[in-house]
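Enquirer: There's a structure below that I have some questions on.
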Amino acid sequence: MSIESELSSQIYRLEQLHNDFANGDYKEMNSLYSDEFQGFLYMPSTGKIEIYNAEQIKKGNADAAHYYKGKNIKFIFSGLSIVTQSEDQAAVSYEVTHLNDSKMMRAISLEVWKRVNGAWKILRWYEEKGEAL
């Protein structure tokens with residue numbers, strides 16, 4: 001299977017896992033992060049960049065699953081682009097639309113995935129997120 005096929009499957013599984021926050025589930029999602037994970041989130045409403053390591057992003061996912069449990073939410077990923085960097089690493093970008101009650105958030109996400117011991121892991125993540133107008 002090609003890297004593009006493997007990673008597109010991973011990204012669409014990640015989309016499903018985001019939607020599973022409504023069930024309080026997050027553990028499988030947390031298994032996708034490398035121990036060396038570095039993440040950056042920018043939201044224009046705050047004007048600040050939030051920085052995450054592996055422990056912090058996993059706690060954030062657990063908190064999100066607790067917050068969204070039982071709520072009507074929907075995450076939609078679109079515009080997937082995969083740029084192979086080596087046989088075990090690729091940069092991935094996609095747009096995220098998040099629907100929660102009457103609010104809609106949109107984001108662009110850039111990730112670097114690396115194959116570690118045969119499994120794809122998120123090594124780096126950068127996301128710009130804001131309310132859709």
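We label chains A, B, ... in the order they appear in the structure tokens, count residues from 1 in each chain, and number ligands from 1 in the order shown.
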Run DSSP on the backbone of this structure and report the residues of chain A it assigns to strand (DSSP E or B), as a VMD selection string.
Expert: chain A and resid 33 to 43 48 to 53 73 to 86 89 to 100 103 to 116 119 to 131
Enquirer: Pick out the residues sitting within 9 Å of segment 54-67 of chain A, and hand them over as a list of chain:residue names; count only C-alpha atoms, and ignore anything fewer than 4 positions along from it in its own chain.
Expert: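 Neighbouring residues, sequence-local ones excluded: A:His18, A:Asp20, A:Phe21, A:Ala22, A:Asn23, A:Gly24, A:Asp25, A:Tyr26, A:Lys27, A:Met29, A:Asn30, A:Ser31, A:Tyr33, A:Ser34, A:Asp35, A:Glu36, A:Phe37, A:Gln38, A:Gly39, A:Lys71.
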Enquirer: May I ask for the distance between atom CA of Ile51 of chain A and atom CA of Ser8 of chain A, given in Å to one decimal place?
Expert: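 About the pair atom CA of Ile51 of chain A and atom CA of Ser8 of chain A: they are 25.5 Å apart.
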Enquirer: Assign secondary structure with DSSP using the backbone only, and return the residues of chain A in alpha helix (DSSP H) as an NGL selection string.
Expert: :A and (3-19 or 27-30 or 54-68)
Enquirer: How would the residues just picked look written out with N, CA, C and O atoms as a short mmCIF file (atom, residue, chain, number, x, y, z; two decimals), in the first residue's frame?
Expert:
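The new file again_2.cif reads:
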data_model
loop_
_atom_site.label_atom_id
_atom_site.label_comp_id
_atom_site.auth_asym_id
_atom_site.auth_seq_id
_atom_site.Cartn_x
_atom_site.Cartn_y
_atom_site.Cartn_z
N ILE A 3 2.15 5.19 0.67
CA ILE A 3 2.10 6.09 1.82
C ILE A 3 0.83 6.93 1.78
O ILE A 3 0.17 7.13 2.80
N GLU A 4 0.47 7.41 0.59
CA GLU A 4 -0.73 8.24 0.46
C GLU A 4 -1.98 7.48 0.89
O GLU A 4 -2.84 8.02 1.58
N SER A 5 -2.07 6.21 0.49
CA SER A 5 -3.23 5.39 0.88
C SER A 5 -3.24 5.14 2.38
O SER A 5 -4.28 5.24 3.03
N GLU A 6 -2.07 4.79 2.93
CA GLU A 6 -1.99 4.53 4.36
C GLU A 6 -2.38 5.77 5.16
O GLU A 6 -3.16 5.68 6.11
N LEU A 7 -1.83 6.93 4.79
CA LEU A 7 -2.10 8.14 5.56
C LEU A 7 -3.51 8.67 5.35
O LEU A 7 -4.10 9.20 6.29
N SER A 8 -4.05 8.54 4.16
CA SER A 8 -5.43 9.01 3.97
C SER A 8 -6.36 8.18 4.85
O SER A 8 -7.29 8.73 5.46
N SER A 9 -6.09 6.89 4.98
CA SER A 9 -6.89 6.06 5.90
C SER A 9 -6.74 6.54 7.34
O SER A 9 -7.72 6.60 8.09
N GLN A 10 -5.52 6.89 7.73
CA GLN A 10 -5.27 7.39 9.08
C GLN A 10 -6.02 8.71 9.34
O GLN A 10 -6.61 8.90 10.40
N ILE A 11 -6.00 9.60 8.37
CA ILE A 11 -6.65 10.91 8.55
C ILE A 11 -8.16 10.75 8.65
O ILE A 11 -8.80 11.37 9.50
N TYR A 12 -8.75 9.89 7.81
CA TYR A 12 -10.19 9.72 7.90
C TYR A 12 -10.60 8.96 9.16
O TYR A 12 -11.68 9.17 9.70
N ARG A 13 -9.71 8.11 9.68
CA ARG A 13 -9.95 7.49 10.99
C ARG A 13 -9.87 8.57 12.08
O ARG A 13 -10.68 8.57 13.01
N LEU A 14 -8.91 9.49 11.96
CA LEU A 14 -8.78 10.59 12.91
C LEU A 14 -10.06 11.43 12.93
O LEU A 14 -10.51 11.86 13.99
N GLU A 15 -10.65 11.64 11.76
CA GLU A 15 -11.93 12.37 11.69
C GLU A 15 -13.00 11.62 12.49
O GLU A 15 -13.73 12.23 13.29
N GLN A 16 -13.10 10.31 12.29
CA GLN A 16 -14.08 9.52 13.05
C GLN A 16 -13.81 9.61 14.55
O GLN A 16 -14.75 9.71 15.34
N LEU A 17 -12.54 9.57 14.92
CA LEU A 17 -12.19 9.64 16.34
C LEU A 17 -12.55 10.99 16.96
O LEU A 17 -12.95 11.05 18.12
N HIS A 18 -12.44 12.06 16.18
CA HIS A 18 -12.90 13.37 16.68
C HIS A 18 -14.41 13.33 16.94
O HIS A 18 -14.88 13.86 17.94
N ASN A 19 -15.14 12.70 16.04
CA ASN A 19 -16.59 12.60 16.23
C ASN A 19 -16.95 11.71 17.41
O ASN A 19 -18.00 11.87 18.02
N LYS A 27 -9.22 7.50 23.80
CA LYS A 27 -8.00 6.71 23.99
C LYS A 27 -7.35 6.27 22.69
O LYS A 27 -6.13 6.34 22.55
N GLU A 28 -8.14 5.84 21.71
CA GLU A 28 -7.55 5.45 20.43
C GLU A 28 -6.89 6.66 19.76
O GLU A 28 -5.80 6.55 19.21
N MET A 29 -7.54 7.82 19.84
CA MET A 29 -6.94 9.02 19.26
C MET A 29 -5.59 9.30 19.92
O MET A 29 -4.61 9.59 19.24
N ASN A 30 -5.54 9.20 21.23
CA ASN A 30 -4.29 9.49 21.94
C ASN A 30 -3.18 8.53 21.55
O ASN A 30 -2.00 8.89 21.64
N ALA A 54 3.28 15.94 23.90
CA ALA A 54 2.44 14.73 23.82
C ALA A 54 1.50 14.62 25.02
O ALA A 54 0.31 14.34 24.86
N GLU A 55 2.01 14.85 26.20
CA GLU A 55 1.19 14.74 27.41
C GLU A 55 0.06 15.76 27.40
O GLU A 55 -1.08 15.45 27.75
N GLN A 56 0.36 16.99 26.98
CA GLN A 56 -0.65 18.05 26.99
C GLN A 56 -1.74 17.82 25.94
O GLN A 56 -2.92 18.07 26.22
N ILE A 57 -1.38 17.35 24.75
CA ILE A 57 -2.40 17.12 23.72
C ILE A 57 -3.31 15.97 24.13
O ILE A 57 -4.52 16.00 23.91
N LYS A 58 -2.73 14.95 24.75
CA LYS A 58 -3.54 13.81 25.20
C LYS A 58 -4.50 14.23 26.32
O LYS A 58 -5.66 13.81 26.33
N LYS A 59 -4.05 15.08 27.22
CA LYS A 59 -4.94 15.59 28.27
C LYS A 59 -6.03 16.46 27.64
O LYS A 59 -7.20 16.38 28.02
N GLY A 60 -5.66 17.26 26.64
CA GLY A 60 -6.64 18.08 25.94
C GLY A 60 -7.71 17.24 25.26
O GLY A 60 -8.89 17.59 25.27
N ASN A 61 -7.31 16.11 24.67
CA ASN A 61 -8.28 15.21 24.04
C ASN A 61 -9.20 14.58 25.08
O ASN A 61 -10.41 14.47 24.86
N ALA A 62 -8.65 14.18 26.22
CA ALA A 62 -9.48 13.63 27.30
C ALA A 62 -10.47 14.68 27.79
O ALA A 62 -11.66 14.37 27.99
N ASP A 63 -10.01 15.91 27.95
CA ASP A 63 -10.89 17.01 28.38
C ASP A 63 -11.99 17.27 27.35
O ASP A 63 -13.15 17.49 27.70
N ALA A 64 -11.61 17.24 26.06
CA ALA A 64 -12.59 17.47 24.99
C ALA A 64 -13.65 16.37 24.98
O ALA A 64 -14.85 16.64 24.83
N ALA A 65 -13.22 15.12 25.15
CA ALA A 65 -14.17 14.00 25.17
C ALA A 65 -15.13 14.14 26.35
O ALA A 65 -16.33 13.86 26.22
N HIS A 66 -14.62 14.58 27.47
CA HIS A 66 -15.48 14.79 28.65
C HIS A 66 -16.48 15.94 28.38
O HIS A 66 -17.68 15.82 28.67
N TYR A 67 -16.00 17.01 27.79
CA TYR A 67 -16.85 18.17 27.50
C TYR A 67 -17.93 17.85 26.46
O TYR A 67 -19.10 18.24 26.62
N TYR A 68 -17.56 17.16 25.38
CA TYR A 68 -18.49 16.90 24.28
C TYR A 68 -19.37 15.67 24.48
O TYR A 68 -20.29 15.44 23.70
#
Enquirer: Contacts of Val92 of chain A at 8 Å or less, counting only C-alpha atoms, minus same-chain residues fewer than 5 places along, as a VMD selection string?
Expert: chain A and resid 80 to 83 110 to 113
Enquirer: Have a look at atom CA of Ser102 of chain A and atom CA of Met43 of chain A and let me know their distance in Å, one decimal.
Expert: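 Interatomic distance, atom CA of Ser102 of chain A to atom CA of Met43 of chain A: 19.1 Å.
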